[in-house]
Amino acid sequence: MAFFRPALPGGSAAGEESGGQMTFFEHLIELRKRIINSLIAIAIGAFIGVYLAQRFITVITRPMIKALADAHLDQKLVYTNPTGYLNLIITFGVYIGIVLASPVVLYQIWLFVAPALYKHERKAVTGFLLSTVSLFLTGIGFGYFITLPYILRFLVSFKGPVVPMISINEYFDLILLVLLGLGVVFELPILIFFLSLFGIVTPRLLWKNFRYAILIISVVAAIVTPTPDAMTMLIFMAPMVGLYFLGIGVSAVVARRRARRLAAAGAS
């Protein structure tokens with residue numbers, strides 16, 4: 001069995017250098033190799049991440065400490081079982097390791113699919129890797145510097161006959177939801193790029209249905225937002241809407257390049 005890629009109209013596939021074909025078993029061997037390399041990269045990243053975790057814990061607790069200070073509350077976090085802090089260091093280290101290893105993992109994914117790509121598509125690997133990692137880190141930065149402080153101020157603003165005793169583990173779960181959630185959300189232009197590359201969506205379709213997209217974004221923001229207030233939901237929605245329109249621009253670029261290739265193929 002060999003992987004087959006249909007030719008473009010006008011026989012353009014024959015005029016473009018594409019990757020070599022592989023048998024089914026060769027494909028499985030290649031997949032196994034890429035998975036093993038990715039797991040090794042994640043293991044090395046996790047080892048480094050556990051070493052760095054305590055330093056990063058100081059960084060991630062800063063927004064909570066500031067929110068407590070602004071509310072004139074006791075500025076400390078606690079853990080409620082003997083292994084709580086150790087578990088946090090290990091878990092956080094693994095997440096740091098995954099982030100550190102992500103360029104290697106993405107590169108392994110590209111090496112796996114590269115044989116099925118045309119020459120001009122292979123040249124896009126650098127842009128793909130940089131865009132994916134940059135957008136993910138931008139989402140995390142947006143969550144840490146803008147979204148998280150507002151959420152924490154809102155949550156500790158309620159005063160009553162009780163005072164908060166915040167567990168570091170539960171706080172970590174909250175910031176994991178916010179930061180990783182926004183990191184994934186910021187990958188929306190990449191998703192639209194691939195959907196456009198395979199002809200599933202077009203810029204016209206995205207623009208025509210933007211009202212439905214706003215509705216879906218509102219629902220997602222309502223689900224992901226950890227607080228019930230409308231302002232936090234709007235803070236979540238704003239970058240998602242901006243990324244959607246950025247995705248329309250990305251889709252337009254992909255469609256324009258495809259049209260040029262088809263025109264060149266027809267002329268030849």
# chains A, B, ... in the order shown; residues from 1 in each chain; ligands from 1
call {"tool": "residues_around", "arguments": {"residues": "A:Val201", "least_positions_apart": "2", "cutoff": "12 Å", "atoms": "only C-alpha atoms", "output": "number ranges by chain"}}
result
A: 191-199, 203-209, 247-248, 250-252, 254-255
call {"tool": "residues_around", "arguments": {"residues": "A:Leu31", "least_positions_apart": "4", "cutoff": "8 Å", "atoms": "only C-alpha atoms", "output": "ChimeraX atom specification"}}
result
/A:27,35,112
call {"tool": "residues_around", "arguments": {"residues": "A:Thr232", "least_positions_apart": "2", "cutoff": "9 Å", "atoms": "only C-alpha atoms", "output": "ChimeraX atom specification"}}
result
/A:147,150-151,154,221,225-230,234-237
call {"tool": "residues_around", "arguments": {"residues": "A:Phe186", "least_positions_apart": "5", "cutoff": "7 Å", "atoms": "only C-alpha atoms", "output": "PDB file with N, CA, C and O atoms, in the first residue's frame"}}
result
ATOM      1  N   LEU A 135       2.263  31.916  19.060  1.00  0.00           N
ATOM      2  CA  LEU A 135       0.867  32.164  19.414  1.00  0.00           C
ATOM      3  C   LEU A 135       0.522  31.536  20.759  1.00  0.00           C
ATOM      4  O   LEU A 135      -0.197  32.133  21.567  1.00  0.00           O
ATOM      5  N   PHE A 136       1.027  30.327  21.009  1.00  0.00           N
ATOM      6  CA  PHE A 136       0.758  29.670  22.289  1.00  0.00           C
ATOM      7  C   PHE A 136       1.339  30.477  23.448  1.00  0.00           C
ATOM      8  O   PHE A 136       0.662  30.715  24.461  1.00  0.00           O
ATOM      9  N   GLY A 139      -0.633  33.629  24.041  1.00  0.00           N
ATOM     10  CA  GLY A 139      -1.853  33.353  24.803  1.00  0.00           C
ATOM     11  C   GLY A 139      -1.581  33.218  26.283  1.00  0.00           C
ATOM     12  O   GLY A 139      -2.324  33.739  27.121  1.00  0.00           O
ATOM     13  N   LEU A 243      -8.563  37.041  16.945  1.00  0.00           N
ATOM     14  CA  LEU A 243      -7.890  35.920  16.292  1.00  0.00           C
ATOM     15  C   LEU A 243      -8.730  35.351  15.155  1.00  0.00           C
ATOM     16  O   LEU A 243      -8.187  34.867  14.158  1.00  0.00           O
TER      17      LEU A 243
END
call {"tool": "closest_residue", "arguments": {"among": "A:Leu39, A:Phe92, A:Leu73, A:Leu129", "to": "A:Phe158", "atoms": "only C-alpha atoms"}}
result
A:Leu73
call {"tool": "decode", "arguments": {"residues": "stretch 69-123 of chain A", "atoms": "C-alpha atoms", "output": "PDB file, in the first residue's frame"}}
result
ATOM      1  CA  ALA A  69      -2.407  42.363  49.190  1.00  0.00           C
ATOM      2  CA  ASP A  70      -4.773  44.692  47.306  1.00  0.00           C
ATOM      3  CA  ALA A  71      -7.687  43.197  49.257  1.00  0.00           C
ATOM      4  CA  HIS A  72      -5.763  43.662  52.551  1.00  0.00           C
ATOM      5  CA  LEU A  73      -5.747  39.908  53.220  1.00  0.00           C
ATOM      6  CA  ASP A  74      -3.086  37.542  54.496  1.00  0.00           C
ATOM      7  CA  GLN A  75      -0.559  37.196  51.670  1.00  0.00           C
ATOM      8  CA  LYS A  76       0.231  33.490  51.666  1.00  0.00           C
ATOM      9  CA  LEU A  77      -0.797  30.254  50.009  1.00  0.00           C
ATOM     10  CA  VAL A  78      -0.934  26.878  51.748  1.00  0.00           C
ATOM     11  CA  TYR A  79      -0.939  23.182  50.937  1.00  0.00           C
ATOM     12  CA  THR A  80      -3.299  20.912  52.808  1.00  0.00           C
ATOM     13  CA  ASN A  81      -1.589  17.504  52.708  1.00  0.00           C
ATOM     14  CA  PRO A  82       2.024  16.410  53.279  1.00  0.00           C
ATOM     15  CA  THR A  83       2.667  15.600  49.608  1.00  0.00           C
ATOM     16  CA  GLY A  84       0.790  18.583  48.200  1.00  0.00           C
ATOM     17  CA  TYR A  85       3.779  20.806  47.441  1.00  0.00           C
ATOM     18  CA  LEU A  86       5.931  17.947  46.110  1.00  0.00           C
ATOM     19  CA  ASN A  87       3.108  16.861  43.795  1.00  0.00           C
ATOM     20  CA  LEU A  88       2.798  20.448  42.587  1.00  0.00           C
ATOM     21  CA  ILE A  89       6.535  20.655  41.784  1.00  0.00           C
ATOM     22  CA  ILE A  90       6.436  17.401  39.811  1.00  0.00           C
ATOM     23  CA  THR A  91       3.204  18.253  37.962  1.00  0.00           C
ATOM     24  CA  PHE A  92       4.331  21.773  37.153  1.00  0.00           C
ATOM     25  CA  GLY A  93       7.711  20.439  36.032  1.00  0.00           C
ATOM     26  CA  VAL A  94       6.018  18.066  33.590  1.00  0.00           C
ATOM     27  CA  TYR A  95       3.975  20.930  32.102  1.00  0.00           C
ATOM     28  CA  ILE A  96       7.106  23.058  31.771  1.00  0.00           C
ATOM     29  CA  GLY A  97       8.803  20.098  30.097  1.00  0.00           C
ATOM     30  CA  ILE A  98       6.001  19.746  27.561  1.00  0.00           C
ATOM     31  CA  VAL A  99       6.274  23.443  26.694  1.00  0.00           C
ATOM     32  CA  LEU A 100      10.078  23.190  26.382  1.00  0.00           C
ATOM     33  CA  ALA A 101       9.789  20.082  24.218  1.00  0.00           C
ATOM     34  CA  SER A 102       6.991  21.447  22.018  1.00  0.00           C
ATOM     35  CA  PRO A 103       9.292  22.738  19.224  1.00  0.00           C
ATOM     36  CA  VAL A 104      10.926  19.296  19.012  1.00  0.00           C
ATOM     37  CA  VAL A 105       7.539  17.545  19.057  1.00  0.00           C
ATOM     38  CA  LEU A 106       6.196  19.841  16.331  1.00  0.00           C
ATOM     39  CA  TYR A 107       9.342  19.236  14.300  1.00  0.00           C
ATOM     40  CA  GLN A 108       8.845  15.469  14.629  1.00  0.00           C
ATOM     41  CA  ILE A 109       5.262  15.878  13.433  1.00  0.00           C
ATOM     42  CA  TRP A 110       6.517  17.819  10.435  1.00  0.00           C
ATOM     43  CA  LEU A 111       9.145  15.150   9.640  1.00  0.00           C
ATOM     44  CA  PHE A 112       6.373  12.562   9.716  1.00  0.00           C
ATOM     45  CA  VAL A 113       4.121  14.372   7.241  1.00  0.00           C
ATOM     46  CA  ALA A 114       6.919  15.872   5.103  1.00  0.00           C
ATOM     47  CA  PRO A 115       7.169  12.918   2.651  1.00  0.00           C
ATOM     48  CA  ALA A 116       3.558  13.564   1.593  1.00  0.00           C
ATOM     49  CA  LEU A 117       4.102  17.285   1.009  1.00  0.00           C
ATOM     50  CA  TYR A 118       5.143  19.191  -2.074  1.00  0.00           C
ATOM     51  CA  LYS A 119       8.374  21.152  -2.082  1.00  0.00           C
ATOM     52  CA  HIS A 120       6.678  24.544  -1.598  1.00  0.00           C
ATOM     53  CA  GLU A 121       4.716  23.151   1.355  1.00  0.00           C
ATOM     54  CA  ARG A 122       7.860  21.875   3.076  1.00  0.00           C
ATOM     55  CA  LYS A 123       9.305  25.377   3.034  1.00  0.00           C
TER      56      LYS A 123
END
